[in-house]
$ cat data.cif   # mmCIF, C-alpha atoms
data_data
#
loop_
_atom_site.label_atom_id
_atom_site.label_comp_id
_atom_site.auth_asym_id
_atom_site.auth_seq_id
_atom_site.Cartn_x
_atom_site.Cartn_y
_atom_site.Cartn_z
CA MET A 1 -5.16 -2.50 -100.44
CA ASP A 2 -4.52 -5.96 -101.84
CA TYR A 3 -1.65 -5.75 -104.27
CA ARG A 4 -2.61 -9.11 -105.78
CA HIS A 5 -5.60 -7.25 -107.25
CA VAL A 6 -3.55 -4.17 -108.22
CA PHE A 7 -1.21 -6.52 -110.12
CA ALA A 8 -4.11 -8.51 -111.65
CA THR A 9 -5.90 -5.37 -112.88
CA ASN A 10 -2.73 -3.92 -114.43
CA LEU A 11 -1.69 -7.25 -115.98
CA ARG A 12 -5.08 -7.71 -117.67
CA ARG A 13 -5.21 -4.09 -118.85
CA LEU A 14 -1.66 -4.13 -120.29
CA ARG A 15 -2.13 -7.59 -121.84
CA THR A 16 -5.35 -6.60 -123.65
CA GLU A 17 -3.96 -3.19 -124.66
CA LYS A 18 -1.06 -5.01 -126.33
CA GLY A 19 -3.42 -7.48 -127.99
CA TYR A 20 -2.24 -10.69 -126.27
CA SER A 21 -4.45 -13.57 -125.22
CA GLN A 22 -3.67 -15.13 -121.83
CA GLU A 23 -2.51 -18.26 -123.66
CA VAL A 24 -0.04 -16.52 -125.98
CA LEU A 25 1.37 -14.27 -123.22
CA ALA A 26 1.77 -17.28 -120.90
CA HIS A 27 3.59 -19.20 -123.64
CA GLU A 28 5.89 -16.33 -124.61
CA ALA A 29 6.72 -15.47 -120.98
CA GLY A 30 7.27 -19.11 -120.05
CA VAL A 31 4.49 -19.01 -117.48
CA ASN A 32 2.11 -21.88 -116.76
CA ARG A 33 -1.34 -21.22 -118.28
CA THR A 34 -3.23 -22.00 -115.09
CA TYR A 35 -0.91 -19.84 -113.03
CA MET A 36 -1.44 -16.96 -115.49
CA SER A 37 -5.20 -17.24 -115.04
CA LYS A 38 -4.76 -17.36 -111.24
CA LEU A 39 -2.58 -14.22 -111.37
CA GLU A 40 -5.23 -12.35 -113.38
CA LYS A 41 -7.84 -13.29 -110.75
CA GLY A 42 -5.64 -11.81 -108.00
CA GLY A 43 -5.20 -15.29 -106.60
CA SER A 44 -1.46 -15.20 -105.98
CA PHE A 45 1.42 -12.93 -104.98
CA VAL A 46 3.59 -12.97 -108.09
CA GLY A 47 7.38 -13.19 -107.84
CA LEU A 48 9.69 -10.56 -109.31
CA GLU A 49 11.19 -13.03 -111.80
CA VAL A 50 7.78 -13.79 -113.42
CA MET A 51 6.89 -10.09 -113.26
CA VAL A 52 10.05 -9.24 -115.22
CA ARG A 53 9.37 -11.93 -117.85
CA LEU A 54 5.78 -10.72 -118.38
CA ALA A 55 6.98 -7.09 -118.59
CA LYS A 56 9.59 -8.02 -121.21
CA VAL A 57 7.01 -9.69 -123.50
CA LEU A 58 4.55 -6.78 -123.09
CA GLN A 59 7.38 -4.22 -123.44
CA VAL A 60 6.44 -2.38 -120.27
CA GLU A 61 8.33 -1.70 -117.03
CA PRO A 62 7.77 -4.17 -114.15
CA ALA A 63 6.83 -1.13 -112.01
CA ASP A 64 3.87 -0.55 -114.36
CA PHE A 65 2.22 -3.67 -112.89
CA LEU A 66 2.23 -2.13 -109.40
CA LYS A 67 0.85 1.31 -110.16
CA VAL A 68 -2.34 1.97 -108.25
CA PRO A 69 -5.06 3.05 -110.72
CA ALA A 70 -6.36 6.57 -109.91
CA ARG A 71 -9.79 6.36 -108.23
CA ARG A 72 -12.51 7.20 -110.77
CA THR A 73 -14.44 10.10 -109.22
CA ARG A 74 -18.14 9.75 -110.00
CA LYS A 75 -19.63 12.88 -111.57
CA ILE A 76 -22.65 13.99 -109.49
CA MET B 1 19.08 -5.67 -116.69
CA ASP B 2 18.92 -7.77 -113.53
CA TYR B 3 15.93 -6.61 -111.51
CA ARG B 4 17.30 -8.33 -108.39
CA HIS B 5 19.91 -5.54 -108.40
CA VAL B 6 17.39 -2.81 -109.26
CA PHE B 7 15.33 -3.95 -106.27
CA ALA B 8 18.41 -4.27 -104.01
CA THR B 9 19.66 -0.76 -104.87
CA ASN B 10 16.24 0.83 -104.29
CA LEU B 11 15.65 -1.12 -101.06
CA ARG B 12 18.99 -0.04 -99.57
CA ARG B 13 18.52 3.57 -100.68
CA LEU B 14 14.96 3.85 -99.30
CA ARG B 15 15.85 2.01 -96.08
CA THR B 16 18.80 4.32 -95.32
CA GLU B 17 16.88 7.45 -96.38
CA LYS B 18 14.21 6.51 -93.83
CA GLY B 19 16.83 5.80 -91.17
CA TYR B 20 16.21 2.06 -90.70
CA SER B 21 18.87 -0.54 -90.02
CA GLN B 22 18.47 -3.87 -91.87
CA GLU B 23 17.71 -5.52 -88.52
CA VAL B 24 14.89 -3.13 -87.50
CA LEU B 25 13.31 -3.12 -90.98
CA ALA B 26 13.46 -6.93 -91.14
CA HIS B 27 11.82 -7.17 -87.71
CA GLU B 28 9.06 -4.64 -88.47
CA ALA B 29 8.31 -6.14 -91.88
CA GLY B 30 8.33 -9.70 -90.53
CA VAL B 31 11.19 -10.68 -92.83
CA ASN B 32 14.00 -13.06 -91.89
CA ARG B 33 17.24 -11.14 -91.19
CA THR B 34 19.38 -13.31 -93.43
CA TYR B 35 16.84 -13.07 -96.26
CA MET B 36 16.82 -9.27 -95.91
CA SER B 37 20.61 -9.19 -96.28
CA LYS B 38 20.39 -11.53 -99.31
CA LEU B 39 17.77 -9.25 -100.90
CA GLU B 40 20.00 -6.20 -100.45
CA LYS B 41 22.85 -8.06 -102.18
CA GLY B 42 20.59 -8.78 -105.17
CA GLY B 43 20.72 -12.46 -104.31
CA SER B 44 17.05 -13.29 -104.70
CA PHE B 45 13.91 -12.46 -106.68
CA VAL B 46 11.63 -11.03 -104.01
CA GLY B 47 7.93 -11.91 -103.92
CA LEU B 48 5.19 -9.29 -104.11
CA GLU B 49 3.97 -10.07 -100.59
CA VAL B 50 7.36 -9.27 -98.99
CA MET B 51 7.72 -6.23 -101.28
CA VAL B 52 4.36 -4.90 -100.01
CA ARG B 53 5.31 -5.46 -96.34
CA LEU B 54 8.65 -3.67 -96.77
CA ALA B 55 6.94 -0.79 -98.61
CA LYS B 56 4.37 -0.43 -95.82
CA VAL B 57 7.05 -0.08 -93.11
CA LEU B 58 9.08 2.39 -95.22
CA GLN B 59 5.88 4.25 -96.27
CA VAL B 60 6.69 4.05 -99.96
CA GLU B 61 4.87 2.47 -102.91
CA PRO B 62 5.91 -1.08 -103.89
CA ALA B 63 6.49 0.29 -107.42
CA ASP B 64 9.23 2.54 -105.97
CA PHE B 65 11.39 -0.58 -105.47
CA LEU B 66 11.32 -1.33 -109.19
CA LYS B 67 12.17 2.10 -110.61
CA VAL B 68 15.30 1.98 -112.69
CA PRO B 69 17.70 4.68 -111.42
CA ALA B 70 18.54 7.24 -114.14
CA ARG B 71 22.03 6.61 -115.55
CA ARG B 72 24.48 9.12 -114.07
CA THR B 73 26.05 10.85 -117.10
CA ARG B 74 29.72 11.53 -116.43
CA LYS B 75 30.72 15.15 -117.03
CA ILE B 76 33.62 15.23 -119.51
#
$ encode --input "data.cif" --output "structure tokens"
Amino acid sequence: MDYRHVFATNLRRLRTEKGYSQEVLAHEAGVNRTYMSKLEKGGSFVGLEVMVRLAKVLQVEPADFLKVPARRTRKI
Amino acid sequence: MDYRHVFATNLRRLRTEKGYSQEVLAHEAGVNRTYMSKLEKGGSFVGLEVMVRLAKVLQVEPADFLKVPARRTRKI
């Protein structure tokens, strides 16, 4: 399991649930716009400091970014 | 809340619960010994890649390192 993609999936889900654009979240969390986009593509292993800043803006726990989404079982 | 200390507390607790010394865990997770000691003192913001390697050796979820321990309420 590639945790860059676990983080990317959770970041995008939480960001959109909270109604933030990538641009606004990047600005408010003090994260470079390009780096934000790279993170959401699973292109980088984020550091805890950035994770905490993003969590603070989105008002979630940093651990929420690392939760593995339950596998969707396909109904046969 | 300083998540370097949240991580440090959880890392030490999980490491000792699983019966690993800092030296053996550092070796098995491919982490520099001095860096491991610094992490357990809350002296650094760990990266997700190292967090995942440590979690794999300890057979825990990376999110377990970021759970905020419940405040111990003192009995009056």
$ resolve_selection --input "data.cif" --expression "the PyMOL selection byres ((chain A) within 7 of (chain B))" --output "ChimeraX atom specification"
/A:45-49,62-63,66-67
$ atom_distance --input "data.cif" --atom1 "atom CA of B:Gln22" --atom2 "atom CA of B:Leu58"
11.8 Å
$ atom_distance --input "data.cif" --atom1 "atom CA of A:Glu23" --atom2 "atom CA of A:Arg53"
14.7 Å
$ resolve_selection --input "data.cif" --expression "the PyMOL selection byres ((chain B and resi 40) around 8)" --output "list in words"
His5, Phe7, Ala8, Thr9, Leu11, Arg12, Met36, Ser37, Lys38, Leu39, Lys41, Gly42 and Gly43 of chain B
$ calpha_fit_and_write --input "data.cif" --fixed "chain A" --moving "chain B" --output "compact mmCIF listing (two decimals) with C-alpha atoms, in the coordinates of the input"
# COMPACT_ATOMS: atom_id res chain seq x y z
CA MET B 1 -5.14 -2.47 -100.43
CA ASP B 2 -4.53 -5.95 -101.82
CA TYR B 3 -1.65 -5.74 -104.28
CA ARG B 4 -2.61 -9.11 -105.79
CA HIS B 5 -5.60 -7.23 -107.25
CA VAL B 6 -3.54 -4.17 -108.23
CA PHE B 7 -1.21 -6.50 -110.12
CA ALA B 8 -4.10 -8.50 -111.65
CA THR B 9 -5.89 -5.36 -112.89
CA ASN B 10 -2.71 -3.91 -114.43
CA LEU B 11 -1.70 -7.24 -115.99
CA ARG B 12 -5.09 -7.71 -117.67
CA ARG B 13 -5.20 -4.09 -118.85
CA LEU B 14 -1.66 -4.14 -120.31
CA ARG B 15 -2.12 -7.59 -121.85
CA THR B 16 -5.34 -6.59 -123.66
CA GLU B 17 -3.95 -3.18 -124.67
CA LYS B 18 -1.05 -5.01 -126.34
CA GLY B 19 -3.42 -7.49 -127.99
CA TYR B 20 -2.24 -10.68 -126.27
CA SER B 21 -4.46 -13.56 -125.22
CA GLN B 22 -3.66 -15.13 -121.81
CA GLU B 23 -2.52 -18.27 -123.65
CA VAL B 24 -0.03 -16.51 -125.98
CA LEU B 25 1.37 -14.28 -123.21
CA ALA B 26 1.77 -17.29 -120.89
CA HIS B 27 3.58 -19.21 -123.64
CA GLU B 28 5.91 -16.33 -124.59
CA ALA B 29 6.71 -15.48 -120.98
CA GLY B 30 7.27 -19.13 -120.05
CA VAL B 31 4.48 -19.02 -117.47
CA ASN B 32 2.09 -21.89 -116.75
CA ARG B 33 -1.36 -21.21 -118.27
CA THR B 34 -3.26 -21.99 -115.09
CA TYR B 35 -0.91 -19.81 -113.03
CA MET B 36 -1.43 -16.94 -115.49
CA SER B 37 -5.20 -17.21 -115.06
CA LYS B 38 -4.78 -17.34 -111.25
CA LEU B 39 -2.60 -14.20 -111.37
CA GLU B 40 -5.23 -12.32 -113.38
CA LYS B 41 -7.85 -13.25 -110.77
CA GLY B 42 -5.65 -11.79 -108.02
CA GLY B 43 -5.20 -15.27 -106.61
CA SER B 44 -1.47 -15.19 -105.98
CA PHE B 45 1.42 -12.93 -104.98
CA VAL B 46 3.59 -12.97 -108.09
CA GLY B 47 7.37 -13.19 -107.84
CA LEU B 48 9.69 -10.57 -109.31
CA GLU B 49 11.17 -13.04 -111.80
CA VAL B 50 7.78 -13.80 -113.41
CA MET B 51 6.88 -10.09 -113.26
CA VAL B 52 10.06 -9.25 -115.21
CA ARG B 53 9.37 -11.94 -117.85
CA LEU B 54 5.79 -10.74 -118.37
CA ALA B 55 6.98 -7.11 -118.59
CA LYS B 56 9.59 -8.04 -121.20
CA VAL B 57 7.02 -9.70 -123.50
CA LEU B 58 4.55 -6.79 -123.09
CA GLN B 59 7.40 -4.23 -123.44
CA VAL B 60 6.46 -2.39 -120.27
CA GLU B 61 8.35 -1.72 -117.03
CA PRO B 62 7.79 -4.17 -114.15
CA ALA B 63 6.86 -1.13 -112.01
CA ASP B 64 3.89 -0.55 -114.36
CA PHE B 65 2.23 -3.66 -112.89
CA LEU B 66 2.24 -2.13 -109.41
CA LYS B 67 0.84 1.33 -110.17
CA VAL B 68 -2.33 1.96 -108.26
CA PRO B 69 -5.04 3.07 -110.73
CA ALA B 70 -6.37 6.57 -109.93
CA ARG B 71 -9.79 6.36 -108.25
CA ARG B 72 -12.51 7.18 -110.79
CA THR B 73 -14.45 10.08 -109.22
CA ARG B 74 -18.15 9.72 -109.99
CA LYS B 75 -19.69 12.84 -111.52
CA ILE B 76 -22.68 13.90 -109.40
$ atom_distance --input "data.cif" --atom1 "atom CA of B:Leu54" --atom2 "atom CA of B:Arg15"
9.2 Å
$ resolve_selection --input "data.cif" --expression "the PyMOL selection byres ((chain B and resi 29) around 9)" --output "list in words"
Val24, Leu25, Ala26, His27, Glu28, Gly30, Val31, Asn32, Val50, Arg53, Leu54, Ala55, Lys56 and Val57 of chain B
$ axis_aligned_box --input "data.cif" --around "stretch 44-59 of chain B" --padding-each-side "5 Å" --output "AutoDock Vina command-line options"
--center_x 10.5 --center_y -4.5 --center_z -99.9 --size_x 23.1 --size_y 27.5 --size_z 23.6
$ closest_residue --input "data.cif" --among "B:Leu14, B:Val6, B:Ser21, B:Thr34" --to "B:Gln59" --atoms "only C-alpha atoms"
B:Leu14
